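Engineer: One file: structure_18.cif (mmCIF, C-alpha atoms).
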```cif
data_upload
loop_
_atom_site.label_atom_id
_atom_site.label_comp_id
_atom_site.auth_asym_id
_atom_site.auth_seq_id
_atom_site.Cartn_x
_atom_site.Cartn_y
_atom_site.Cartn_z
CA MET A 20 135.88 88.56 149.53
CA PHE A 21 132.21 87.86 148.68
CA GLY A 22 129.64 87.22 151.39
CA PRO A 23 126.97 84.51 151.20
CA GLY A 24 124.40 87.23 150.36
CA SER A 25 126.36 88.28 147.28
CA LEU A 26 126.68 84.68 146.12
CA VAL A 27 122.94 84.09 146.50
CA LEU A 28 122.23 87.28 144.59
CA ALA A 29 124.66 86.33 141.81
CA ALA A 30 123.13 82.86 141.58
CA PHE A 31 119.68 84.40 141.41
CA VAL A 32 120.72 86.80 138.63
CA VAL A 33 122.17 83.89 136.64
CA LEU A 34 118.99 81.88 137.26
CA VAL A 35 116.77 84.72 136.02
CA GLY A 36 119.01 85.18 132.97
CA VAL A 37 118.98 81.48 132.07
CA LEU A 38 115.23 81.29 132.64
CA ALA A 39 114.71 84.34 130.39
CA VAL A 40 116.81 82.77 127.62
CA VAL A 41 114.93 79.47 127.87
CA VAL A 42 111.47 81.05 127.93
CA ALA A 43 112.30 83.61 125.21
CA THR A 44 113.69 80.85 122.98
CA HIS A 45 110.63 78.69 123.60
CA VAL A 46 108.04 81.39 122.88
CA SER A 47 109.97 82.73 119.91
CA ARG A 48 109.97 79.30 118.27
CA SER A 49 106.31 78.60 118.91
CA PRO A 50 104.19 78.31 115.77
CA LEU A 51 101.36 80.66 114.88
CA LYS A 52 97.88 79.55 115.81
CA PRO A 53 95.46 79.44 112.86
CA GLY A 54 93.17 81.67 114.93
CA THR A 55 95.82 84.42 114.90
CA VAL A 56 95.87 84.49 111.10
CA ASP A 57 92.07 84.29 110.93
CA ARG A 58 91.69 87.22 113.33
CA PHE A 59 94.17 89.25 111.29
CA ALA A 60 92.34 88.41 108.06
CA ARG A 61 88.93 89.26 109.53
CA ARG A 62 90.07 92.56 111.00
CA GLN A 63 91.87 93.64 107.83
CA ARG A 64 89.18 92.18 105.55
CA LEU A 65 91.81 90.21 103.72
CA THR A 66 91.04 87.12 101.68
CA ILE A 67 93.70 84.55 102.43
CA THR A 68 94.48 82.75 99.19
CA ASP A 69 97.06 80.27 97.97
CA ALA A 70 99.02 83.19 96.55
CA ASN A 71 99.29 85.32 99.70
CA ALA A 72 99.08 82.80 102.56
CA THR A 73 102.83 82.25 102.67
CA HIS A 74 103.56 85.97 102.74
CA VAL A 75 101.01 86.66 105.48
CA VAL A 76 102.15 83.79 107.68
CA ALA A 77 105.83 84.68 107.25
CA ALA A 78 105.23 88.29 108.28
CA LEU A 79 102.93 87.44 111.19
CA LEU A 80 105.41 84.86 112.41
CA VAL A 81 108.18 87.47 112.55
CA THR A 82 106.02 89.89 114.57
CA HIS A 83 104.66 87.11 116.77
CA ARG A 84 108.13 85.87 117.66
CA TRP A 85 109.84 89.20 118.22
CA ARG A 86 107.02 90.67 120.29
CA ARG A 87 106.87 87.63 122.56
CA ALA A 88 110.63 87.46 122.91
CA GLY A 89 110.65 91.20 123.70
CA LEU A 90 107.98 90.73 126.37
CA VAL A 91 109.94 87.95 128.10
CA TRP A 92 113.20 89.88 127.94
CA GLY A 93 111.51 93.02 129.21
CA LEU A 94 110.01 91.20 132.19
CA ALA A 95 113.36 89.54 132.94
CA MET A 96 115.15 92.88 132.81
CA GLY A 97 112.48 94.31 135.13
CA VAL A 98 113.06 91.54 137.66
CA LEU A 99 116.82 92.06 137.52
CA TRP A 100 116.31 95.81 137.94
CA SER A 101 114.13 95.24 141.00
CA LEU A 102 116.96 93.26 142.64
CA ARG A 103 118.85 96.54 143.03
CA SER A 104 116.54 97.37 145.89
CA SER A 105 116.61 93.79 147.24
CA ALA A 106 113.03 93.19 146.11
CA LEU A 107 111.54 90.79 143.61
CA THR A 108 109.00 92.70 141.53
CA LEU A 109 107.38 92.04 138.18
CA HIS A 110 107.34 95.40 136.38
CA LEU A 111 104.44 95.86 133.96
CA ILE A 112 106.22 98.75 132.26
CA ALA A 113 109.35 96.66 131.63
CA GLY A 114 107.25 93.97 129.95
CA LEU A 115 105.39 96.58 127.91
CA LEU A 116 108.61 98.27 126.78
CA GLY A 117 110.15 94.90 125.91
CA TRP A 118 107.07 94.02 123.87
CA PHE A 119 107.23 97.43 122.15
CA ALA A 120 110.93 96.96 121.36
CA GLY A 121 110.16 93.50 119.94
CA ALA A 122 107.35 94.97 117.80
CA VAL A 123 109.68 97.67 116.46
CA ILE A 124 112.47 95.19 115.64
CA ALA A 125 109.94 92.91 113.91
CA GLU A 126 108.72 95.71 111.63
CA TRP A 127 112.27 96.50 110.55
CA ARG A 128 112.92 92.81 109.85
CA ILE A 129 109.73 92.19 107.87
CA GLY A 130 111.18 94.29 105.04
CA ARG A 131 113.73 91.54 104.46
CA LEU A 132 111.01 89.01 103.72
CA ASP A 133 109.93 90.89 100.60
CA THR A 134 111.56 89.08 97.71
CA PRO A 135 109.46 89.95 94.65
CA GLY A 136 110.51 88.48 91.32
CA ALA A 137 112.16 90.27 88.43
CA ARG A 138 108.83 91.58 87.13
CA ARG A 139 107.58 94.40 89.32
CA ALA A 140 104.29 96.18 89.80
CA ALA A 141 103.50 99.31 91.75
CA THR A 142 100.29 100.87 92.91
CA LEU A 143 99.85 104.57 92.21
CA GLU A 144 98.25 105.22 95.59
CA ARG A 145 100.43 107.26 97.93
CA ARG A 146 101.34 105.54 101.15
CA THR A 147 100.53 108.06 103.84
CA VAL A 148 99.71 107.83 107.55
CA THR A 149 96.06 108.66 106.88
CA ARG A 150 95.79 105.69 104.53
CA TYR A 151 96.78 103.24 107.27
CA LEU A 152 95.37 104.83 110.42
CA THR A 153 91.77 105.74 111.17
CA VAL A 154 90.75 109.22 112.28
CA GLU A 155 90.09 107.86 115.78
CA ALA A 156 93.58 106.37 116.06
CA LEU A 157 95.17 109.58 114.81
CA ALA A 158 93.03 111.62 117.23
CA LEU A 159 94.08 109.47 120.19
CA ALA A 160 97.73 109.74 119.16
CA GLY A 161 97.30 113.51 118.82
CA ILE A 162 95.65 113.82 122.24
CA THR A 163 98.46 111.78 123.82
CA ALA A 164 101.14 113.89 122.12
CA THR A 165 99.40 117.11 123.17
CA ALA A 166 99.07 115.90 126.76
CA LEU A 167 102.76 114.93 126.80
CA VAL A 168 103.86 118.34 125.51
CA ALA A 169 101.52 120.21 127.88
CA LEU A 170 102.67 118.23 130.92
CA LEU A 171 106.32 118.50 129.85
CA LEU A 172 106.03 122.30 129.69
CA ALA A 173 103.98 122.55 132.90
CA SER A 174 106.35 120.35 134.91
CA GLY A 175 109.37 122.16 133.46
CA ALA A 176 107.89 125.51 134.45
CA ARG A 177 107.07 124.35 138.00
CA THR A 178 110.12 122.29 138.93
CA GLY A 179 112.75 123.55 136.54
CA THR A 180 114.89 121.22 134.49
CA SER A 181 115.73 118.63 137.13
CA GLY A 182 117.40 115.30 136.46
CA ALA A 183 114.06 113.47 136.66
CA TRP A 184 112.52 115.94 134.21
CA TRP A 185 115.32 115.43 131.70
CA GLY A 186 114.92 111.68 132.16
CA TRP A 187 111.27 111.83 131.13
CA VAL A 188 112.12 114.19 128.25
CA ALA A 189 114.65 111.63 127.00
CA TYR A 190 112.11 108.81 127.41
CA THR A 191 109.47 110.79 125.48
CA GLY A 192 111.93 111.76 122.76
CA ALA A 193 113.12 108.17 122.34
CA LEU A 194 109.51 106.95 122.11
CA VAL A 195 108.51 109.55 119.51
CA VAL A 196 111.65 109.12 117.40
CA THR A 197 111.41 105.31 117.47
CA CYS A 198 107.73 105.44 116.55
CA ALA A 199 108.26 107.97 113.73
CA LEU A 200 111.26 106.15 112.23
CA THR A 201 109.52 102.78 112.34
CA ALA A 202 106.28 104.16 110.87
CA GLY A 203 108.35 105.69 108.07
CA ALA A 204 110.11 102.37 107.48
CA VAL A 205 106.78 100.52 107.34
CA MET A 206 105.37 102.96 104.78
CA ARG A 207 108.56 103.07 102.68
CA ARG A 208 108.86 99.29 102.51
CA PRO A 209 108.86 98.46 98.79
CA SER A 210 105.75 96.75 97.45
CA GLY A 211 106.53 95.52 93.98
CA PHE A 212 104.36 92.40 94.06
CA VAL A 213 102.85 91.52 90.71
CA ASP A 214 100.17 89.25 92.21
CA SER A 215 97.21 91.31 93.38
CA ASP A 216 96.47 88.97 96.32
CA VAL A 217 99.98 89.50 97.68
CA ARG A 218 99.63 93.26 97.17
CA HIS A 219 96.41 93.20 99.21
CA ALA A 220 98.16 91.17 101.90
CA ASP A 221 101.02 93.64 101.95
CA ASP A 222 98.55 96.51 102.36
CA ALA A 223 96.83 94.65 105.21
CA LEU A 224 100.16 93.97 106.94
CA ARG A 225 101.14 97.64 106.74
CA THR A 226 97.78 98.72 108.18
CA HIS A 227 98.12 96.18 110.98
CA ALA A 228 101.73 97.21 111.69
CA LEU A 229 100.95 100.92 111.97
CA GLY A 230 97.92 100.28 114.19
CA VAL A 231 99.98 98.16 116.57
CA LEU A 232 102.87 100.61 116.50
CA VAL A 233 100.76 103.67 117.32
CA GLY A 234 98.67 101.76 119.88
CA SER A 235 101.70 100.44 121.71
CA ALA A 236 103.33 103.90 121.61
CA ILE A 237 100.20 105.40 123.23
CA ALA A 238 100.31 102.70 125.90
CA ALA A 239 104.05 103.16 126.44
CA SER A 240 103.57 106.89 126.95
CA TYR A 241 101.90 106.39 130.33
CA PRO A 242 105.09 106.41 132.43
CA ALA A 243 106.10 109.76 130.93
CA LEU A 244 102.59 111.18 131.34
CA THR A 245 102.45 110.21 135.01
CA GLY A 246 106.09 111.19 135.53
CA PHE A 247 105.56 114.72 134.18
CA ALA A 248 102.21 115.03 136.00
CA LEU A 249 103.75 114.01 139.33
CA LEU A 250 106.62 116.46 138.84
CA ALA A 251 104.13 119.23 138.06
CA ALA A 252 101.89 118.36 141.02
CA HIS A 253 104.73 117.93 143.52
CA PRO A 254 107.58 120.27 142.64
CA ASP A 255 109.25 119.65 146.02
CA GLY A 256 109.53 115.93 145.55
CA ALA A 257 107.09 113.57 143.91
CA PRO A 258 105.61 110.71 145.94
CA THR A 259 105.39 107.29 144.34
CA SER A 260 102.80 107.06 141.60
CA ALA A 261 100.74 104.53 143.59
CA THR A 262 99.75 107.23 146.06
CA ALA A 263 98.04 109.38 143.43
CA PRO A 264 94.70 108.02 142.16
CA TRP A 265 94.81 110.27 139.12
CA ALA A 266 98.20 108.80 138.19
CA LEU A 267 96.53 105.39 138.15
CA LEU A 268 93.75 106.89 136.05
CA ILE A 269 96.28 108.23 133.51
CA MET A 270 97.89 104.80 133.36
CA VAL A 271 94.59 102.98 132.80
CA ALA A 272 93.44 105.53 130.20
CA ALA A 273 96.71 105.34 128.24
CA LEU A 274 96.84 101.54 128.38
CA LEU A 275 93.19 101.11 127.35
CA SER A 276 93.53 103.66 124.52
CA GLY A 277 96.68 101.93 123.29
CA VAL A 278 95.18 98.45 123.38
CA TRP A 279 92.02 99.72 121.68
CA VAL A 280 94.01 101.24 118.79
CA ALA A 281 96.30 98.22 118.49
CA VAL A 282 93.80 95.39 118.86
CA TRP A 283 90.12 96.33 118.92
CA ALA A 284 89.64 99.45 116.79
CA PRO A 285 88.27 99.06 113.26
CA SER A 286 91.11 98.99 110.76
CA ALA A 287 91.67 101.77 108.25
CA ARG A 288 91.83 99.18 105.48
CA GLY A 289 88.50 97.69 106.52
CA ARG A 290 86.97 101.15 106.42
CA ARG A 291 88.50 101.85 103.01
CA LEU A 292 87.10 98.61 101.64
CA SER A 293 83.66 99.16 103.15
CA THR A 294 83.19 102.01 100.72
CA GLY A 295 83.83 99.61 97.83
CA THR A 296 83.42 95.90 97.26
CA VAL A 297 84.09 93.79 100.32
CA GLU A 298 85.51 90.38 99.73
CA ALA A 299 84.61 87.52 102.03
CA THR A 300 87.51 86.31 104.11
CA GLN A 301 88.67 82.75 103.85
CA PRO A 302 89.76 80.96 107.03
CA VAL A 303 93.46 80.18 106.94
CA HIS A 304 92.80 76.47 107.53
CA ALA A 305 90.99 76.42 104.18
CA VAL A 306 94.34 77.10 102.49
CA PRO A 307 96.24 73.94 101.53
CA ALA A 308 98.78 73.08 104.22
CA GLY A 309 101.65 73.06 101.76
CA ARG A 310 100.96 76.73 101.05
CA CYS A 311 100.76 77.87 104.62
CA ASP A 312 103.26 76.57 107.16
CA LEU A 313 102.38 78.21 110.46
CA SER A 314 105.76 77.52 112.00
CA ALA A 315 108.30 78.54 109.38
CA PRO A 316 108.67 81.82 107.56
CA SER A 317 109.31 81.74 103.82
CA GLY A 318 111.47 83.88 101.64
CA GLN A 319 114.80 84.76 103.17
CA SER A 320 115.50 82.93 106.37
CA GLU A 321 114.41 84.79 109.45
CA PRO A 322 116.16 83.39 112.51
CA PRO A 323 113.96 83.43 115.59
CA PRO A 324 115.02 85.87 118.30
CA SER A 325 116.64 84.29 121.30
CA MET B 19 95.82 101.75 89.35
CA ILE B 20 98.84 99.52 88.82
CA ILE B 21 102.02 100.06 86.86
CA ASP B 22 103.72 96.92 85.66
CA VAL B 23 107.38 96.79 84.64
CA ASP B 24 109.31 93.96 83.07
CA PRO B 25 113.07 94.66 83.20
CA SER B 26 113.75 91.80 80.77
CA GLY B 27 111.34 93.22 78.18
CA ALA B 28 112.44 94.81 74.92
CA VAL B 29 111.13 98.25 75.89
CA PRO B 30 113.35 100.14 78.38
CA VAL B 31 111.82 100.31 81.85
CA TYR B 32 111.83 104.09 81.70
CA GLU B 33 109.68 103.98 78.56
CA GLN B 34 107.38 101.32 80.07
CA VAL B 35 106.63 103.55 83.05
CA ARG B 36 106.22 106.72 80.98
CA THR B 37 103.90 105.07 78.45
CA GLN B 38 101.65 103.52 81.08
CA LEU B 39 101.36 106.73 83.06
CA ALA B 40 100.70 108.81 79.94
CA GLU B 41 98.00 106.40 78.79
CA MET B 42 96.29 106.46 82.17
CA ILE B 43 96.26 110.24 82.17
CA VAL B 44 95.09 110.69 78.57
CA THR B 45 92.29 108.11 79.01
CA ALA B 46 91.27 109.81 82.31
CA ALA B 47 91.91 106.61 84.26
CA LEU B 48 93.92 109.01 86.42
CA PRO B 49 91.68 112.06 86.92
CA GLN B 50 92.87 115.63 86.98
CA GLY B 51 94.23 116.50 90.43
CA PHE B 52 95.26 112.91 91.25
CA ARG B 53 98.47 112.96 93.26
CA LEU B 54 101.03 110.54 91.92
CA PRO B 55 103.21 108.62 94.39
CA THR B 56 106.49 110.16 95.40
CA ILE B 57 109.53 109.44 93.24
CA ARG B 58 111.03 107.51 96.11
CA GLN B 59 107.96 105.29 96.60
CA LEU B 60 107.51 104.44 92.92
CA ALA B 61 111.23 103.84 92.44
CA ALA B 62 111.37 101.51 95.47
CA ASP B 63 108.31 99.54 94.41
CA LEU B 64 109.54 99.08 90.86
CA ALA B 65 113.16 98.49 91.99
CA LEU B 66 114.34 101.35 89.77
CA ALA B 67 116.71 104.21 90.44
CA PRO B 68 114.94 107.35 91.72
CA GLY B 69 116.55 109.23 88.83
CA THR B 70 114.63 107.06 86.34
CA ILE B 71 111.26 107.95 87.89
CA ALA B 72 112.33 111.60 88.20
CA ARG B 73 113.05 111.60 84.46
CA VAL B 74 109.62 110.07 83.74
CA TYR B 75 107.91 112.76 85.81
CA ARG B 76 109.96 115.49 84.09
CA GLU B 77 108.96 114.24 80.64
CA LEU B 78 105.31 113.97 81.60
CA GLU B 79 105.50 117.52 82.90
CA ALA B 80 107.09 118.66 79.63
CA GLU B 81 104.17 117.05 77.79
CA GLY B 82 101.78 118.99 80.02
CA LEU B 83 100.30 115.84 81.55
CA VAL B 84 101.40 116.46 85.16
CA VAL B 85 102.35 119.42 87.29
CA SER B 86 105.07 119.21 89.92
CA ARG B 87 104.91 121.60 92.82
CA VAL B 88 107.03 121.84 95.91
CA ARG B 89 105.25 120.29 98.93
CA HIS B 90 102.33 119.17 96.73
CA GLY B 91 104.22 116.54 94.82
CA THR B 92 103.34 115.57 91.27
CA VAL B 93 99.70 116.04 90.34
CA VAL B 94 97.83 115.03 87.18
CA ALA B 95 97.08 118.12 85.07
CA ALA B 96 94.20 118.79 82.73
CA VAL B 97 94.90 116.81 79.57
CA PRO B 98 96.17 119.21 76.89
CA GLU B 99 93.88 119.68 73.88
CA ARG B 100 96.39 118.21 71.44
CA HIS B 101 96.20 114.86 73.27
CA LEU B 102 92.39 114.84 73.19
CA ALA B 103 91.75 116.30 69.77
CA ASP B 104 94.54 114.62 67.85
CA PRO B 105 94.52 110.82 68.12
CA THR B 106 97.25 110.74 65.48
CA THR B 107 99.71 112.16 68.02
CA ALA B 108 98.82 109.51 70.57
CA VAL B 109 99.07 106.70 68.00
CA ALA B 110 102.40 108.05 66.76
CA ALA B 111 103.79 107.94 70.29
CA ALA B 112 102.59 104.35 70.77
CA ALA B 113 103.94 103.40 67.34
CA ARG B 114 107.33 104.89 68.19
CA THR B 115 107.50 102.76 71.34
CA TYR B 116 106.51 99.65 69.39
CA ALA B 117 108.99 100.34 66.61
CA GLY B 118 111.76 100.82 69.13
CA ALA B 119 110.94 97.52 70.85
CA SER B 120 110.82 95.68 67.51
CA ARG B 121 114.21 97.03 66.44
CA ARG B 122 115.77 96.07 69.76
CA LEU B 123 114.49 92.53 69.16
CA ASN B 124 116.01 92.60 65.66
CA LEU B 125 112.62 92.09 64.00
CA SER B 126 112.18 93.07 60.38
CA LEU B 127 109.58 95.68 59.50
CA ASP B 128 107.45 92.95 57.90
CA ASP B 129 107.60 90.81 61.04
CA ALA B 130 106.69 93.78 63.21
CA ILE B 131 103.75 94.64 60.98
CA ALA B 132 102.66 90.99 60.94
CA ALA B 133 102.68 90.94 64.75
CA LEU B 134 100.66 94.15 64.77
CA ARG B 135 98.15 92.67 62.30
CA GLU B 136 97.81 89.58 64.50
CA GLN B 137 97.06 91.68 67.59
CA TRP B 138 94.67 93.86 65.60
CA ALA B 139 92.81 90.74 64.42
CA GLN B 140 92.62 89.37 67.96
CA LEU B 141 91.17 92.63 69.28
CA SER B 142 88.68 92.80 66.40
CA GLY B 143 87.57 89.21 66.62
#
```
I'd like the structure from this file rewritten - as C-alpha cells, please.
Structural biologist:
Amino acid sequence: MFGPGSLVLAAFVVLVGVLAVVVATHVSRSPLKPGTVDRFARRQRLTITDANATHVVAALLVTHRWRRAGLVWGLAMGVLWSLRSSALTLHLIAGLLGWFAGAVIAEWRIGRLDTPGARRAATLERRTVTRYLTVEALALAGITATALVALLLASGARTGTSGAWWGWVAYTGALVVTCALTAGAVMRRPSGFVDSDVRHADDALRTHALGVLVGSAIAASYPALTGFALLAAHPDGAPTSATAPWALLIMVAALLSGVWVAVWAPSARGRRLSTGTVEATQPVHAVPAGRCDLSAPSGQSEPPPS
Amino acid sequence: MIIDVDPSGAVPVYEQVRTQLAEMIVTAALPQGFRLPTIRQLAADLALAPGTIARVYRELEAEGLVVSRVRHGTVVAAVPERHLADPTTAVAAAARTYAGASRRLNLSLDDAIAALREQWAQLSG
C-alpha cells in the first residue's frame, strides 16, 4: 500500500517533529542570561532594584521563552513545508514568522503576570503609541505601511485580483491586525503598581514590547512587499524572488529596518528620560539572588511553551 | 502624577479618586489643558468599574474643573474663580470627606477632632 519512499518520508516527518519538540522544550526552559536583563535595563534606562527585579525577570523570561519556542517551531514547520517539493530547505521567513508569533503570544501572556495588591496606584499619563515609540520607529512603520498599500494597489491594477494577490492581501491584513491588536493589548495592560520602581519597570517593559512588536512587523512585511512588487513587475507570471536583485534589496531593507527598530534604535523611554533626570542603571547581578531568579517567573505560574 | 486608591480605606474609592484629582487641579499640579487618561485606562489601573471613573469625571466637569469633549477626551479646565478665591469652599469639601470617613469608622466627633488636632500639630511642628 505504501512504498519505501513514503515510509522514509513519514519517518523523516516524525523525526523533524520530535526534534522540534525536543529543541523547543529545551530552549523554552533555558534561563535568562544576566546580560539580557542588563541590556534591557541599559536600553530602557531602568534601574533594577530589589522591588522590580522579580517583575522584570518574570516578564523577560516569558518573552524569551515564547520567542525562542516560536523560532524553533517556525523553522520546523518550514522544513516540513519544504518536503512537499521533495527538498530539504531551511526557510528564513518561516523562522521569522514563528519568532513573531512567539513574541505576540508572549505579550498577551505577560498581562497575566501582573498581580498587584489590594492597594492600587495609577499614573495620569495617557498610554499612547507616541509615548512608547520614537518618531523614527513610527516613520519606518509608516513608510512600510505606505509601501505595502502602494504596491498592493499597483499590483492589483496590473494583474487583477489573482489568487496570489489575494494571498498577499490576506498575509498583509493578518500582519496588520495582529500587530494592532497586540499593541492595543500592551498599552491597555493594567498598571496599578503602588511601588514606583515596579511602575518604572512596567513602563520600560511596555516600551520594549512595542519596539519589538513594530520592528518584527516591519521585518515580517518583506514577503508581502516582494510578493506585491513581483506581481506588479511581472503581471504574466512572476519569476522566483531570487532572480530579482531589487527583491533581495527590499528584503534586506525591511529586515534591517525591523531589526534596527526592535534591537538597536534608541528607546522612547530613554529619550523621555533624557529630558529629565536620568537614573544610573544597576547591573542585574548586583540585585540579591533571592530577589531575582533568572530561571523562574514569579507571580502566577507561567508554563513554558513546548 | 499618581493617584493612589485603598479599597479597604474608610473613604469610598470613588471619593478618593475625585478628591485627589480635584486637589491636583486646584493646586495646578495638573495644568490647564492636561489630558486626563481615558476612563478605561484609569479604571483598569485602579481595578475599578469604568462607571466609577466616568462618575468622577462627570462630577469634576460639573464643578468646572475638567472639560470632556468627543475625540479630545477629558481635559483639565481653567480653575474656576470660586476655587481660587474662596479657600473656605475647598476646606469645606475636604472637611466633608473627612467627616464622612470618621462616621464610617464610628468615631465620635471628639475623636475625629482630636485626630485632626494631632495631624495639625505634626504639620506645624
Engineer: Within 6 Å of Val93 (chain B), counting all atoms listed in the file, which residues show up once you throw out same-chain ones fewer than 5 positions away? Write them as number ranges by chain, please.
Structural biologist: B: 51-54, 84-85
Engineer: Output C-alpha atoms for every residue in the selection just made, as a compact mmCIF listing (two decimals), in the frame of the given file.
Structural biologist:
```
# COMPACT_ATOMS: atom_id res chain seq x y z
CA GLY B 51 94.23 116.50 90.43
CA PHE B 52 95.26 112.91 91.25
CA ARG B 53 98.47 112.96 93.26
CA LEU B 54 101.03 110.54 91.92
CA VAL B 84 101.40 116.46 85.16
CA VAL B 85 102.35 119.42 87.29
```
Engineer: Would you mind listing, as a PyMOL selection string, all residues of chain A that have at least one atom within 6 Å of chain B, where all atoms listed in the file are what counts?
Structural biologist: chain A and resi 138-143+145+209-211
Engineer: For the residues selected in the previous step, produce a file with C-alpha atoms as a compact mmCIF listing (two decimals), in the coordinates of the input.
Structural biologist:
```
# COMPACT_ATOMS: atom_id res chain seq x y z
CA ARG A 138 108.83 91.58 87.13
CA ARG A 139 107.58 94.40 89.32
CA ALA A 140 104.29 96.18 89.80
CA ALA A 141 103.50 99.31 91.75
CA THR A 142 100.29 100.87 92.91
CA LEU A 143 99.85 104.57 92.21
CA ARG A 145 100.43 107.26 97.93
CA PRO A 209 108.86 98.46 98.79
CA SER A 210 105.75 96.75 97.45
CA GLY A 211 106.53 95.52 93.98
```
Engineer: Would you translate the PyMOL selection byres ((chain B and resi 70) around 12) into the concrete set of residues it matches in this file, as a list in words?
Structural biologist: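 Written out, the selection comes to Pro30, Val31, Tyr32, Glu33, Gln34, Val35, Arg36, Ile57, Arg58, Leu60, Ala61, Ala62, Leu64, Ala65, Leu66, Ala67, Pro68, Gly69, Ile71, Ala72, Arg73, Val74, Tyr75, Arg76 and Glu77 of chain B.
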Engineer: Counting all atoms listed in the file, which of A:Ser240, A:Ser286, A:Thr73, A:Thr165 gets nearest to His227 (chain A)?
Structural biologist: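 Ranked by minimum distance to His227 (chain A), first place goes to A:Ser286.
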Engineer: Specify as a ChimeraX atom specification each residue included when the PyMOL selection byres ((chain A and resi 81-96) around 9) is applied to this file.
Structural biologist: /A:35-36,38-40,42-51,76-80,97-101,109-126,128-129,228,316,321-325
Engineer: Report the distance between CA of Ala223 (chain A) and CA of Gln63 (chain A) in Å, rounded to one decimal place.
Structural biologist: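 For CA of Ala223 (chain A) relative to CA of Gln63 (chain A), the distance reads 5.7 Å.
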Engineer: Mind telling me what the PyMOL selection byres ((chain A and resi 242) around 10) catches here, as a PyMOL selection string?
Structural biologist: chain A and resi 112+187+190-191+238-241+243-248+260+266+269-270+273
Engineer: So, with all atoms listed in the file as the atoms that count, which of A:Arg64, A:Val33, A:Leu249, A:Leu132 lies closest to Ala263 (chain A)?
Structural biologist: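 Nearest to Ala263 (chain A): A:Leu249.
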Engineer: What gap, in Å, lies between CA of Ala117 (chain B) and CA of Glu41 (chain B)?
Structural biologist: 17.5 Å
Engineer: So that each row is one residue of region 86-124 of chain B with an atom at most 10 Å from region 128-138 of chain B, can you give its shortest atom pair and the distance in Å to one decimal, using all atoms listed in the file, rows by chain and rising number, as CSV?
Structural biologist:
```
residue,atom,partner,partner_atom,distance
B:Tyr116,CA,B:Ala130,CA,8.5
B:Ala117,CA,B:Ala130,CA,7.7
B:Ala119,CA,B:Ala130,CA,9.5
B:Ser120,CA,B:Ala130,CA,6.3
B:Arg121,CA,B:Ala130,CA,8.8
B:Leu123,CA,B:Ala130,CA,9.9
B:Asn124,CA,B:Ala130,CA,9.7
```
Engineer: At what distance in Å, to one decimal, does CA of Gly186 (chain A) lie from CA of Ala160 (chain A)?
Structural biologist: 21.6 Å
Engineer: Considering only C-alpha atoms, can you say which of A:Leu275, A:Leu229, A:Ala137, A:Val280 comes closest to Thr201 (chain A)?
Structural biologist: A:Leu229
Engineer: Have a look at B:Leu125, B:Ala112, B:Ala40, B:Val29 and name the one nearest to Ala95 (chain B); count all atoms listed in the file.
Structural biologist: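 Checking each of B:Leu125, B:Ala112, B:Ala40, B:Val29 against Ala95 (chain B), counting all atoms listed in the file, the winner is B:Ala40.
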Engineer: Can you tell me which residues surround His219 (chain A) at a distance of at most 10 Å, considering only C-alpha atoms, apart from same-chain residues fewer than 5 positions away, and format the answer as a ChimeraX atom specification?
Structural biologist: /A:63-67,71,212,214,224-225,288
